[in-house]
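Colleague: Here's a structure for you.
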Amino acid sequence: MQPMIRLTCTAALIALGSTALTGAGASAQERRPSADEAQMRAERTLAQMTQDEKVQLIHGTMAVVVPKPRRPRDMPMGAGVIAGVERLGIPPQYATDASLGISNIMDMRKGDVATALPSGLSLASTWNPALLRAGGRMIGSEALAKGFNVMLAGGVNLVRDPRAGRNFEYLGEDPLLGGVLVGAQIEGIQSNGIIATIKHFALNNQETGRATASVNMGEAAMRESDLLAFQIGIERGDPGSVMCSYNKVGGIYACENSFMLNDVLRRDWGFKGYVMSDWGAVHSTEALLAGLDQQSGETVDAKRWLSTELRPKLADGRIPAAALDTAVKRILWAIYAKELDKTPLGPKPIDYAKNAEVALQAAREGTVLLRNEGALLPLAKTVRSVVVIGGKANLGVPSGGGSSQVVPVGGFRVIEKLSDGAAAVFSRRAWGGSVPLAALQGALGGVQVTYLDGSDAQAAAVAAKAADVAIVFATKFSTEAEDQADLVLDGAQDALIDMVASANPRTVVVLETGNPVAMPWLGKVPVVLSAWYSGQRGADAIADIIAGTVNPSGRLPVTFPASVAQLPNPKLPGADLPPPSKEDKIRYGVNTNSPPFNITYPEGSDAGYRWFDRTGQKPLFAFGHGLSYTMFRYSRLKVKGGRTLRASFTVTNTGGREGADVPQVYVTLPGKARRLVGWDKPMLKRGESRTITVMADPRLLADFDMPSQRWVVKPGKVKVELARSATEPVLSTQATLSAQKLKP
Ligand code: BGC
């Protein structure tokens, strides 16, 4: 087994007992100019700029629409371009998507590839910030080598509905887990001397109505959930940029929402960088006054709000010159603070073989063993024949669609045309990367491994019966711009699995999905592995786990509900609306996929497992769940209360082999749902014990109090649990907290 990347400092928990941080970025960050130095430089440069130069910095187009003769020689074909000001040494900003690798969807040149990391939900399943940091450093280095200096990466919208199309890009349903992981990813990306962008700010939790819907949620609920994920991510990662989202929050577009951009982000959180708009998310020039600094993808907005429309308003004073200066200063601040001016642009060779190792390690730790009845996995030496069924497992692993999609090294082997849904324009249903069939043949040396595509369930059942073990690869496509109708696997795969498992009780299902799915066949299937979209080396990771050369250590970052009836919104908001009218499309822009409507989330701040806890419902698989080939015992849970909460405990590997565990600490405040306050991921040899100490972030022990605009920790007793998942506490005790008020 490859040595795992170790972490020391997880979450709001500081794992005092662990070793030194091995991730990237720290040393590069130490050499960075201070915030004040960057500010002084920004002011000096601003003083030398003409108004045209200033305007130039606050708007940009998509690279593909820059006419060939006007394309600077060094301009890569990515998502966006902001021209620089050469005479002042201000570099151009060349932006690329996204968090899973360098998305080349906009690149019409044939043959461009990049290292494809596993999807966000897979990365989050690692519960390993050091891996996110290493992944961020890797994709950031590829961005730079391809000529980009701005990455549109760190997506951290919380999963509120397992049908939402972009969940696969994000980092799960918990604000602490998501915030810690995105912070590490951003830190890794920016260690290359480029800017990372945390997105989509905020409450852009579904695709239906992404351009038209208003999310209406109380401020306290927002601050305790989605906003907290961003807050933690920004504190830890210090991104140069924040991308405001398409949707409205409380009736006001996120990109012109002064409460979100000026009050929360800047006044309360002290964010010093700039706010860029999502592509097509700007609706007015006045957005500049509400905290937007850059119209980044103006090509898809109705008007050039921050250039053509802005100039006359500057001329007659309807928009004060100071507003332009403020926006420019923030952009310059990020350029200097992240050292874009010192980072040479231009093509550099990429060591794809080395980078693939990062993708492999991420996929190994991001694959979750959900069920392993009778310890069928790892496959025993006595297994002589395996039939692999379905999922195009002879061609590659699937990826999610939309702006984050990465054409992996080796290219896609199959691309299926989508029907005419909203996503059809720019989304591809495609398979590439390592090939499960070949990987299994390699990993299970000596075993006969054959393949059937699964289109004939009867034939699959016959083959399954004849083999020692059947492995079904089951897929569900997820994409930006569209949500899913339900939790059902695509096509007739449920029936296929049912028939295969009925024919051979030794059936393994490998889920390759962008979201949790329902499993009507679960009672018949002893083994389920959730591999998500596993990235370029995903098949190798899956084969390693099935063969047992890697001990699984992934844990779910989202709840798998038993059915949609358990969800706060059993019907996806907006799903039953008619298609948008022509007028809607004109009014709301190219991303319009529904008429306007309001979204309310009955769970409020209790997204995901907290909703299940609050309503006493039993999910199919709980947040935090994941099995190992070894066993871990928890003992000696001790807690110390007061102004914060400190928990220490011992984890012992009592099983037969080395493995990593993810002990999780949850706190329950009186009358509230369980909240994750920390975790660690110790790698333990057989028989080895480790004492772990964690400290809770006081915001997780508090409620956001509206009248005082403070996080308020109430004095008194709280329950503290050391758990294997959100529904499997092992040890429980109480701590007494003292009263505390904290700044927002
Ligand atoms: C997506 C963003 C992306 C942008 C640029 C938009 O459609 O929502 O996440 O960064 O396009 O490609």
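Ordering of the structure tokens sets the chain letters (A, B, ...), residue numbers begin anew at 1 in every chain, and ligands are numbered from 1 in the order given.
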Could you please extract the residues within 7 Å of ligand 1, counting only C-alpha atoms and all ligand atoms, and hand them back as a ChimeraX atom specification?
Modeller: /A:79,97-98,152,200,278-279,403
Colleague: Please, which residues of region 95-224 of chain A, numbered as in this document, come out helix (DSSP H, G or I) from DSSP, as a PDB file with N, CA, C and O atoms, in the first residue's frame?
Modeller:
ATOM      1  N   GLY A 120     -15.401  16.399  -6.741  1.00  0.00           N
ATOM      2  CA  GLY A 120     -15.371  17.019  -5.417  1.00  0.00           C
ATOM      3  C   GLY A 120     -15.885  16.095  -4.321  1.00  0.00           C
ATOM      4  O   GLY A 120     -15.306  16.023  -3.234  1.00  0.00           O
ATOM      5  N   LEU A 121     -16.970  15.367  -4.606  1.00  0.00           N
ATOM      6  CA  LEU A 121     -17.502  14.481  -3.555  1.00  0.00           C
ATOM      7  C   LEU A 121     -16.517  13.361  -3.237  1.00  0.00           C
ATOM      8  O   LEU A 121     -16.468  12.870  -2.110  1.00  0.00           O
ATOM      9  N   SER A 122     -15.748  12.946  -4.229  1.00  0.00           N
ATOM     10  CA  SER A 122     -14.712  11.953  -3.960  1.00  0.00           C
ATOM     11  C   SER A 122     -13.593  12.582  -3.121  1.00  0.00           C
ATOM     12  O   SER A 122     -13.151  12.008  -2.116  1.00  0.00           O
ATOM     13  N   LEU A 123     -13.167  13.776  -3.522  1.00  0.00           N
ATOM     14  CA  LEU A 123     -12.115  14.458  -2.748  1.00  0.00           C
ATOM     15  C   LEU A 123     -12.574  14.661  -1.302  1.00  0.00           C
ATOM     16  O   LEU A 123     -11.813  14.463  -0.356  1.00  0.00           O
ATOM     17  N   ALA A 124     -13.847  15.035  -1.149  1.00  0.00           N
ATOM     18  CA  ALA A 124     -14.364  15.262   0.209  1.00  0.00           C
ATOM     19  C   ALA A 124     -14.451  13.953   0.977  1.00  0.00           C
ATOM     20  O   ALA A 124     -14.323  13.937   2.204  1.00  0.00           O
ATOM     21  N   SER A 125     -14.647  12.847   0.263  1.00  0.00           N
ATOM     22  CA  SER A 125     -14.729  11.547   0.938  1.00  0.00           C
ATOM     23  C   SER A 125     -13.387  11.140   1.546  1.00  0.00           C
ATOM     24  O   SER A 125     -13.325  10.207   2.344  1.00  0.00           O
ATOM     25  N   PRO A 129      -7.454  16.980   4.434  1.00  0.00           N
ATOM     26  CA  PRO A 129      -7.064  18.278   3.885  1.00  0.00           C
ATOM     27  C   PRO A 129      -5.707  18.253   3.188  1.00  0.00           C
ATOM     28  O   PRO A 129      -5.504  18.975   2.208  1.00  0.00           O
ATOM     29  N   ALA A 130      -4.789  17.428   3.668  1.00  0.00           N
ATOM     30  CA  ALA A 130      -3.461  17.399   3.036  1.00  0.00           C
ATOM     31  C   ALA A 130      -3.568  16.917   1.583  1.00  0.00           C
ATOM     32  O   ALA A 130      -2.832  17.378   0.710  1.00  0.00           O
ATOM     33  N   LEU A 131      -4.498  16.014   1.340  1.00  0.00           N
ATOM     34  CA  LEU A 131      -4.691  15.542  -0.039  1.00  0.00           C
ATOM     35  C   LEU A 131      -5.316  16.627  -0.911  1.00  0.00           C
ATOM     36  O   LEU A 131      -4.971  16.773  -2.076  1.00  0.00           O
ATOM     37  N   LEU A 132      -6.263  17.363  -0.335  1.00  0.00           N
ATOM     38  CA  LEU A 132      -6.862  18.470  -1.088  1.00  0.00           C
ATOM     39  C   LEU A 132      -5.789  19.511  -1.421  1.00  0.00           C
ATOM     40  O   LEU A 132      -5.767  20.078  -2.505  1.00  0.00           O
ATOM     41  N   ARG A 133      -4.903  19.734  -0.449  1.00  0.00           N
ATOM     42  CA  ARG A 133      -3.825  20.701  -0.659  1.00  0.00           C
ATOM     43  C   ARG A 133      -2.907  20.224  -1.778  1.00  0.00           C
ATOM     44  O   ARG A 133      -2.550  20.976  -2.682  1.00  0.00           O
ATOM     45  N   ALA A 134      -2.557  18.944  -1.726  1.00  0.00           N
ATOM     46  CA  ALA A 134      -1.672  18.386  -2.760  1.00  0.00           C
ATOM     47  C   ALA A 134      -2.370  18.424  -4.129  1.00  0.00           C
ATOM     48  O   ALA A 134      -1.753  18.736  -5.152  1.00  0.00           O
ATOM     49  N   GLY A 135      -3.669  18.122  -4.145  1.00  0.00           N
ATOM     50  CA  GLY A 135      -4.427  18.178  -5.397  1.00  0.00           C
ATOM     51  C   GLY A 135      -4.483  19.600  -5.934  1.00  0.00           C
ATOM     52  O   GLY A 135      -4.316  19.835  -7.130  1.00  0.00           O
ATOM     53  N   GLY A 136      -4.710  20.552  -5.043  1.00  0.00           N
ATOM     54  CA  GLY A 136      -4.753  21.954  -5.441  1.00  0.00           C
ATOM     55  C   GLY A 136      -3.408  22.410  -5.993  1.00  0.00           C
ATOM     56  O   GLY A 136      -3.336  23.077  -7.033  1.00  0.00           O
ATOM     57  N   ARG A 137      -2.364  22.007  -5.311  1.00  0.00           N
ATOM     58  CA  ARG A 137      -1.018  22.383  -5.794  1.00  0.00           C
ATOM     59  C   ARG A 137      -0.772  21.804  -7.184  1.00  0.00           C
ATOM     60  O   ARG A 137      -0.241  22.457  -8.071  1.00  0.00           O
ATOM     61  N   MET A 138      -1.208  20.570  -7.375  1.00  0.00           N
ATOM     62  CA  MET A 138      -0.998  19.903  -8.666  1.00  0.00           C
ATOM     63  C   MET A 138      -1.793  20.586  -9.777  1.00  0.00           C
ATOM     64  O   MET A 138      -1.247  20.933 -10.828  1.00  0.00           O
ATOM     65  N   ILE A 139      -3.097  20.798  -9.567  1.00  0.00           N
ATOM     66  CA  ILE A 139      -3.887  21.409 -10.650  1.00  0.00           C
ATOM     67  C   ILE A 139      -3.455  22.856 -10.876  1.00  0.00           C
ATOM     68  O   ILE A 139      -3.455  23.337 -12.009  1.00  0.00           O
ATOM     69  N   GLY A 140      -3.042  23.520  -9.801  1.00  0.00           N
ATOM     70  CA  GLY A 140      -2.528  24.889  -9.955  1.00  0.00           C
ATOM     71  C   GLY A 140      -1.263  24.904 -10.805  1.00  0.00           C
ATOM     72  O   GLY A 140      -1.074  25.794 -11.638  1.00  0.00           O
ATOM     73  N   SER A 141      -0.420  23.902 -10.625  1.00  0.00           N
ATOM     74  CA  SER A 141       0.818  23.863 -11.418  1.00  0.00           C
ATOM     75  C   SER A 141       0.502  23.585 -12.887  1.00  0.00           C
ATOM     76  O   SER A 141       1.148  24.123 -13.784  1.00  0.00           O
ATOM     77  N   GLU A 142      -0.535  22.784 -13.131  1.00  0.00           N
ATOM     78  CA  GLU A 142      -0.914  22.545 -14.532  1.00  0.00           C
ATOM     79  C   GLU A 142      -1.536  23.801 -15.144  1.00  0.00           C
ATOM     80  O   GLU A 142      -1.307  24.117 -16.317  1.00  0.00           O
ATOM     81  N   ALA A 143      -2.323  24.518 -14.330  1.00  0.00           N
ATOM     82  CA  ALA A 143      -2.914  25.766 -14.830  1.00  0.00           C
ATOM     83  C   ALA A 143      -1.800  26.699 -15.287  1.00  0.00           C
ATOM     84  O   ALA A 143      -1.814  27.215 -16.408  1.00  0.00           O
ATOM     85  N   LEU A 144      -0.828  26.857 -14.414  1.00  0.00           N
ATOM     86  CA  LEU A 144       0.271  27.772 -14.722  1.00  0.00           C
ATOM     87  C   LEU A 144       1.047  27.302 -15.956  1.00  0.00           C
ATOM     88  O   LEU A 144       1.368  28.096 -16.843  1.00  0.00           O
ATOM     89  N   ALA A 145       1.313  26.029 -16.017  1.00  0.00           N
ATOM     90  CA  ALA A 145       2.070  25.498 -17.155  1.00  0.00           C
ATOM     91  C   ALA A 145       1.305  25.669 -18.468  1.00  0.00           C
ATOM     92  O   ALA A 145       1.890  25.696 -19.541  1.00  0.00           O
ATOM     93  N   ASN A 167     -23.546  18.954  -7.377  1.00  0.00           N
ATOM     94  CA  ASN A 167     -23.009  18.450  -6.108  1.00  0.00           C
ATOM     95  C   ASN A 167     -21.670  17.759  -6.308  1.00  0.00           C
ATOM     96  O   ASN A 167     -20.797  17.813  -5.442  1.00  0.00           O
ATOM     97  N   PHE A 168     -21.515  17.098  -7.447  1.00  0.00           N
ATOM     98  CA  PHE A 168     -20.276  16.335  -7.656  1.00  0.00           C
ATOM     99  C   PHE A 168     -19.044  17.222  -7.650  1.00  0.00           C
ATOM    100  O   PHE A 168     -17.943  16.775  -7.360  1.00  0.00           O
ATOM    101  N   GLU A 169     -19.239  18.523  -7.966  1.00  0.00           N
ATOM    102  CA  GLU A 169     -18.100  19.451  -7.973  1.00  0.00           C
ATOM    103  C   GLU A 169     -17.746  19.914  -6.565  1.00  0.00           C
ATOM    104  O   GLU A 169     -16.665  20.442  -6.343  1.00  0.00           O
ATOM    105  N   PRO A 175     -20.625  22.282   6.790  1.00  0.00           N
ATOM    106  CA  PRO A 175     -19.848  23.512   6.629  1.00  0.00           C
ATOM    107  C   PRO A 175     -18.404  23.394   7.100  1.00  0.00           C
ATOM    108  O   PRO A 175     -17.506  23.993   6.507  1.00  0.00           O
ATOM    109  N   LEU A 176     -18.182  22.610   8.145  1.00  0.00           N
ATOM    110  CA  LEU A 176     -16.815  22.488   8.646  1.00  0.00           C
ATOM    111  C   LEU A 176     -15.964  21.640   7.688  1.00  0.00           C
ATOM    112  O   LEU A 176     -14.875  22.048   7.276  1.00  0.00           O
ATOM    113  N   LEU A 177     -16.479  20.489   7.322  1.00  0.00           N
ATOM    114  CA  LEU A 177     -15.733  19.618   6.408  1.00  0.00           C
ATOM    115  C   LEU A 177     -15.458  20.351   5.088  1.00  0.00           C
ATOM    116  O   LEU A 177     -14.316  20.415   4.622  1.00  0.00           O
ATOM    117  N   GLY A 178     -16.511  20.933   4.514  1.00  0.00           N
ATOM    118  CA  GLY A 178     -16.354  21.640   3.240  1.00  0.00           C
ATOM    119  C   GLY A 178     -15.392  22.805   3.360  1.00  0.00           C
ATOM    120  O   GLY A 178     -14.513  23.002   2.531  1.00  0.00           O
ATOM    121  N   GLY A 179     -15.549  23.588   4.426  1.00  0.00           N
ATOM    122  CA  GLY A 179     -14.721  24.778   4.606  1.00  0.00           C
ATOM    123  C   GLY A 179     -13.249  24.439   4.789  1.00  0.00           C
ATOM    124  O   GLY A 179     -12.371  25.054   4.187  1.00  0.00           O
ATOM    125  N   VAL A 180     -12.985  23.431   5.607  1.00  0.00           N
ATOM    126  CA  VAL A 180     -11.592  23.030   5.840  1.00  0.00           C
ATOM    127  C   VAL A 180     -10.971  22.506   4.541  1.00  0.00           C
ATOM    128  O   VAL A 180      -9.837  22.842   4.184  1.00  0.00           O
ATOM    129  N   LEU A 181     -11.730  21.682   3.834  1.00  0.00           N
ATOM    130  CA  LEU A 181     -11.170  21.073   2.628  1.00  0.00           C
ATOM    131  C   LEU A 181     -10.962  22.110   1.528  1.00  0.00           C
ATOM    132  O   LEU A 181      -9.935  22.107   0.848  1.00  0.00           O
ATOM    133  N   VAL A 182     -11.929  23.004   1.350  1.00  0.00           N
ATOM    134  CA  VAL A 182     -11.755  23.990   0.280  1.00  0.00           C
ATOM    135  C   VAL A 182     -10.608  24.942   0.622  1.00  0.00           C
ATOM    136  O   VAL A 182      -9.857  25.367  -0.262  1.00  0.00           O
ATOM    137  N   GLY A 183     -10.454  25.237   1.902  1.00  0.00           N
ATOM    138  CA  GLY A 183      -9.343  26.096   2.305  1.00  0.00           C
ATOM    139  C   GLY A 183      -8.003  25.469   1.930  1.00  0.00           C
ATOM    140  O   GLY A 183      -7.101  26.139   1.414  1.00  0.00           O
ATOM    141  N   ALA A 184      -7.890  24.171   2.159  1.00  0.00           N
ATOM    142  CA  ALA A 184      -6.644  23.466   1.824  1.00  0.00           C
ATOM    143  C   ALA A 184      -6.424  23.443   0.311  1.00  0.00           C
ATOM    144  O   ALA A 184      -5.303  23.641  -0.174  1.00  0.00           O
ATOM    145  N   GLN A 185      -7.504  23.236  -0.416  1.00  0.00           N
ATOM    146  CA  GLN A 185      -7.395  23.201  -1.882  1.00  0.00           C
ATOM    147  C   GLN A 185      -6.915  24.558  -2.423  1.00  0.00           C
ATOM    148  O   GLN A 185      -6.013  24.635  -3.265  1.00  0.00           O
ATOM    149  N   ILE A 186      -7.506  25.615  -1.890  1.00  0.00           N
ATOM    150  CA  ILE A 186      -7.141  26.971  -2.320  1.00  0.00           C
ATOM    151  C   ILE A 186      -5.678  27.264  -1.996  1.00  0.00           C
ATOM    152  O   ILE A 186      -4.927  27.794  -2.804  1.00  0.00           O
ATOM    153  N   GLU A 187      -5.287  26.872  -0.791  1.00  0.00           N
ATOM    154  CA  GLU A 187      -3.900  27.093  -0.383  1.00  0.00           C
ATOM    155  C   GLU A 187      -2.948  26.384  -1.365  1.00  0.00           C
ATOM    156  O   GLU A 187      -1.936  26.944  -1.775  1.00  0.00           O
ATOM    157  N   GLY A 188      -3.301  25.167  -1.720  1.00  0.00           N
ATOM    158  CA  GLY A 188      -2.467  24.412  -2.668  1.00  0.00           C
ATOM    159  C   GLY A 188      -2.398  25.097  -4.019  1.00  0.00           C
ATOM    160  O   GLY A 188      -1.321  25.264  -4.599  1.00  0.00           O
ATOM    161  N   ILE A 189      -3.530  25.526  -4.532  1.00  0.00           N
ATOM    162  CA  ILE A 189      -3.565  26.185  -5.852  1.00  0.00           C
ATOM    163  C   ILE A 189      -2.695  27.439  -5.817  1.00  0.00           C
ATOM    164  O   ILE A 189      -1.841  27.656  -6.676  1.00  0.00           O
ATOM    165  N   GLN A 190      -2.913  28.264  -4.776  1.00  0.00           N
ATOM    166  CA  GLN A 190      -2.231  29.558  -4.733  1.00  0.00           C
ATOM    167  C   GLN A 190      -0.748  29.438  -4.423  1.00  0.00           C
ATOM    168  O   GLN A 190      -0.009  30.400  -4.608  1.00  0.00           O
ATOM    169  N   GLU A 219     -31.105  34.966   8.047  1.00  0.00           N
ATOM    170  CA  GLU A 219     -29.670  35.257   8.104  1.00  0.00           C
ATOM    171  C   GLU A 219     -28.928  34.295   9.031  1.00  0.00           C
ATOM    172  O   GLU A 219     -27.833  33.821   8.707  1.00  0.00           O
ATOM    173  N   ALA A 220     -29.508  34.005  10.180  1.00  0.00           N
ATOM    174  CA  ALA A 220     -28.805  33.126  11.121  1.00  0.00           C
ATOM    175  C   ALA A 220     -28.583  31.756  10.487  1.00  0.00           C
ATOM    176  O   ALA A 220     -27.486  31.181  10.574  1.00  0.00           O
ATOM    177  N   ALA A 221     -29.618  31.242   9.814  1.00  0.00           N
ATOM    178  CA  ALA A 221     -29.489  29.927   9.181  1.00  0.00           C
ATOM    179  C   ALA A 221     -28.391  29.928   8.123  1.00  0.00           C
ATOM    180  O   ALA A 221     -27.587  28.999   8.026  1.00  0.00           O
ATOM    181  N   MET A 222     -28.332  30.994   7.331  1.00  0.00           N
ATOM    182  CA  MET A 222     -27.275  31.087   6.302  1.00  0.00           C
ATOM    183  C   MET A 222     -25.896  31.105   6.934  1.00  0.00           C
ATOM    184  O   MET A 222     -24.977  30.467   6.492  1.00  0.00           O
ATOM    185  N   ARG A 223     -25.777  31.931   7.977  1.00  0.00           N
ATOM    186  CA  ARG A 223     -24.458  32.113   8.591  1.00  0.00           C
ATOM    187  C   ARG A 223     -23.973  30.823   9.247  1.00  0.00           C
ATOM    188  O   ARG A 223     -22.779  30.581   9.346  1.00  0.00           O
ATOM    189  N   GLU A 224     -24.917  30.028   9.723  1.00  0.00           N
ATOM    190  CA  GLU A 224     -24.528  28.788  10.408  1.00  0.00           C
ATOM    191  C   GLU A 224     -24.294  27.635   9.433  1.00  0.00           C
ATOM    192  O   GLU A 224     -23.899  26.554   9.847  1.00  0.00           O
TER     193      GLU A 224
END
Colleague: Residues within 12 Å of Asp697 (chain A), please, as a PyMOL selection string. Count only C-alpha atoms; anything in the same chain fewer than 6 positions from it doesn't count.
Modeller: chain A and resi 10-14+175-177+179-180+228+232+643-647+665-667+675-679+711+713+742
Colleague: Could you list, as a list in words, every residue within 7 Å of Gly84 (chain A), counting only C-alpha atoms and ignoring same-chain residues fewer than 4 positions away?
Modeller: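 Non-adjacent residues within range: Leu57, Ile90, Pro91, Pro92 and Gln93 of chain A.
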Colleague: In Å, how far is it from CA of Ser478 (chain A) to CA of Ala547 (chain A)?
Modeller: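 Spanning CA of Ser478 (chain A) to CA of Ala547 (chain A) is a straight-line distance of 28.3 Å.
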Colleague: Which is closest to Ser99 (chain A) among A:Lys199, A:Arg699, A:Lys743, A:Lys313, if we use only C-alpha atoms?
Modeller: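 With only C-alpha atoms as the atom set, the closest residue is A:Lys199.
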Colleague: Write out as a VMD selection string the residues lying within 9 Å of Gln51 (chain A), counting only C-alpha atoms and excluding same-chain residues fewer than 4 positions away.
Modeller: chain A and resid 55 to 56 321 324
Colleague: Figure out the distance between CA of Ala42 (chain A) and CA of Arg87 (chain A), please, to one decimal in Å.
Modeller: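 Interatomic distance, CA of Arg87 (chain A) to CA of Ala42 (chain A): 14.9 Å.
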Colleague: Looking only at strand (DSSP E) from DSSP on the backbone, list the matching residues of region 21-184 of chain A as number ranges by chain.
Modeller: A: 80-82, 93-96, 150-151
Colleague: Would you compute the distance between CA of Asp483 (chain A) and CA of Ser530 (chain A)? Give it in Å to one decimal.
Modeller: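 CA of Ser530 (chain A) lies 20.1 Å from CA of Asp483 (chain A).
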Colleague: Find the spatial neighbours of Ala63 (chain A), counting only C-alpha atoms, within a cut-off of 7 Å - ignore same-chain residues fewer than 3 positions away - and output them as a VMD selection string.
Modeller: chain A and resid 66 77 to 81
Colleague: What would the file look like if the residues just selected were written as a CSV table (one decimal), in the first residue's frame with all heavy atoms?
Modeller:
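Saved the output as result_36.csv:
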chain,number,residue,atom,x,y,z
A,66,VAL,N,-12.5,36.2,-28.3
A,66,VAL,CA,-11.5,37.2,-28.7
A,66,VAL,C,-11.1,36.9,-30.1
A,66,VAL,O,-10.6,35.8,-30.4
A,66,VAL,CB,-10.2,37.1,-27.7
A,66,VAL,CG1,-9.2,38.2,-28.1
A,66,VAL,CG2,-10.7,37.3,-26.3
A,77,MET,N,-6.6,29.3,-24.1
A,77,MET,CA,-8.0,29.3,-24.4
A,77,MET,C,-8.7,28.7,-23.2
A,77,MET,O,-8.9,27.5,-23.1
A,77,MET,CB,-8.3,28.5,-25.6
A,77,MET,CG,-7.7,29.1,-26.9
A,77,MET,SD,-8.4,30.7,-27.2
A,77,MET,CE,-10.0,30.3,-27.7
A,78,GLY,N,-9.1,29.6,-22.2
A,78,GLY,CA,-9.7,29.1,-21.1
A,78,GLY,C,-11.1,29.7,-20.9
A,78,GLY,O,-11.8,30.0,-21.9
A,79,ALA,N,-11.5,29.9,-19.7
A,79,ALA,CA,-12.9,30.4,-19.4
A,79,ALA,C,-13.0,31.9,-19.6
A,79,ALA,O,-14.0,32.4,-20.1
A,79,ALA,CB,-13.3,30.0,-18.0
A,80,GLY,N,-11.9,32.7,-19.3
A,80,GLY,CA,-12.0,34.1,-19.3
A,80,GLY,C,-10.7,34.8,-19.4
A,80,GLY,O,-9.6,34.3,-19.1
A,81,VAL,N,-10.8,36.1,-19.9
A,81,VAL,CA,-9.6,36.9,-20.1
A,81,VAL,C,-9.8,38.3,-19.6
A,81,VAL,O,-10.8,38.9,-20.0
A,81,VAL,CB,-9.3,37.0,-21.6
A,81,VAL,CG1,-8.0,37.8,-21.9
A,81,VAL,CG2,-9.1,35.6,-22.3
Colleague: With distances taken over only C-alpha atoms, which residue among A:Ala562, A:Val406, A:Ala622, A:Leu572 lies nearest Thr115 (chain A)?
Modeller: A:Val406
Colleague: What's around Pro729 (chain A) at 12 Å? Count only C-alpha atoms, leave out sequence neighbours fewer than 3 positions away in its own chain, and write the answer as a PyMOL selection string.
Modeller: chain A and resi 622+624-625+634+637+663-668+674+676+719-726+732-733
Colleague: The selected residues should be written to file as a JSON list (two decimals), in the first residue's frame (atoms: C-alpha atoms).
Modeller:
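Below you can see out.json, which holds the result:
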[["chain", "number", "residue", "atom", "x", "y", "z"],
["A", 622, "ALA", "CA", -25.11, 8.13, 6.99],
["A", 624, "GLY", "CA", -19.37, 9.99, 7.81],
["A", 625, "HIS", "CA", -19.99, 6.30, 7.10],
["A", 634, "TYR", "CA", -12.23, 3.94, 20.47],
["A", 637, "LEU", "CA", -12.78, 9.94, 25.48],
["A", 663, "PRO", "CA", -12.87, 9.20, 14.06],
["A", 664, "GLN", "CA", -15.44, 11.97, 14.17],
["A", 665, "VAL", "CA", -16.45, 14.20, 17.06],
["A", 666, "TYR", "CA", -20.02, 15.50, 17.17],
["A", 667, "VAL", "CA", -21.55, 17.94, 19.62],
["A", 668, "THR", "CA", -25.24, 18.21, 20.40],
["A", 674, "ARG", "CA", -25.71, 16.85, 16.06],
["A", 676, "LEU", "CA", -19.56, 17.70, 13.41],
["A", 719, "LYS", "CA", -23.32, 16.20, 24.62],
["A", 720, "VAL", "CA", -20.03, 15.20, 23.02],
["A", 721, "GLU", "CA", -19.80, 12.00, 21.01],
["A", 722, "LEU", "CA", -16.94, 10.16, 19.41],
["A", 723, "ALA", "CA", -18.49, 8.45, 16.42],
["A", 724, "ARG", "CA", -17.89, 6.37, 13.32],
["A", 725, "SER", "CA", -20.54, 8.35, 11.44],
["A", 726, "ALA", "CA", -23.34, 10.81, 12.10],
["A", 732, "SER", "CA", -20.46, 9.74, 24.67],
["A", 733, "THR", "CA", -19.85, 12.24, 27.43]]
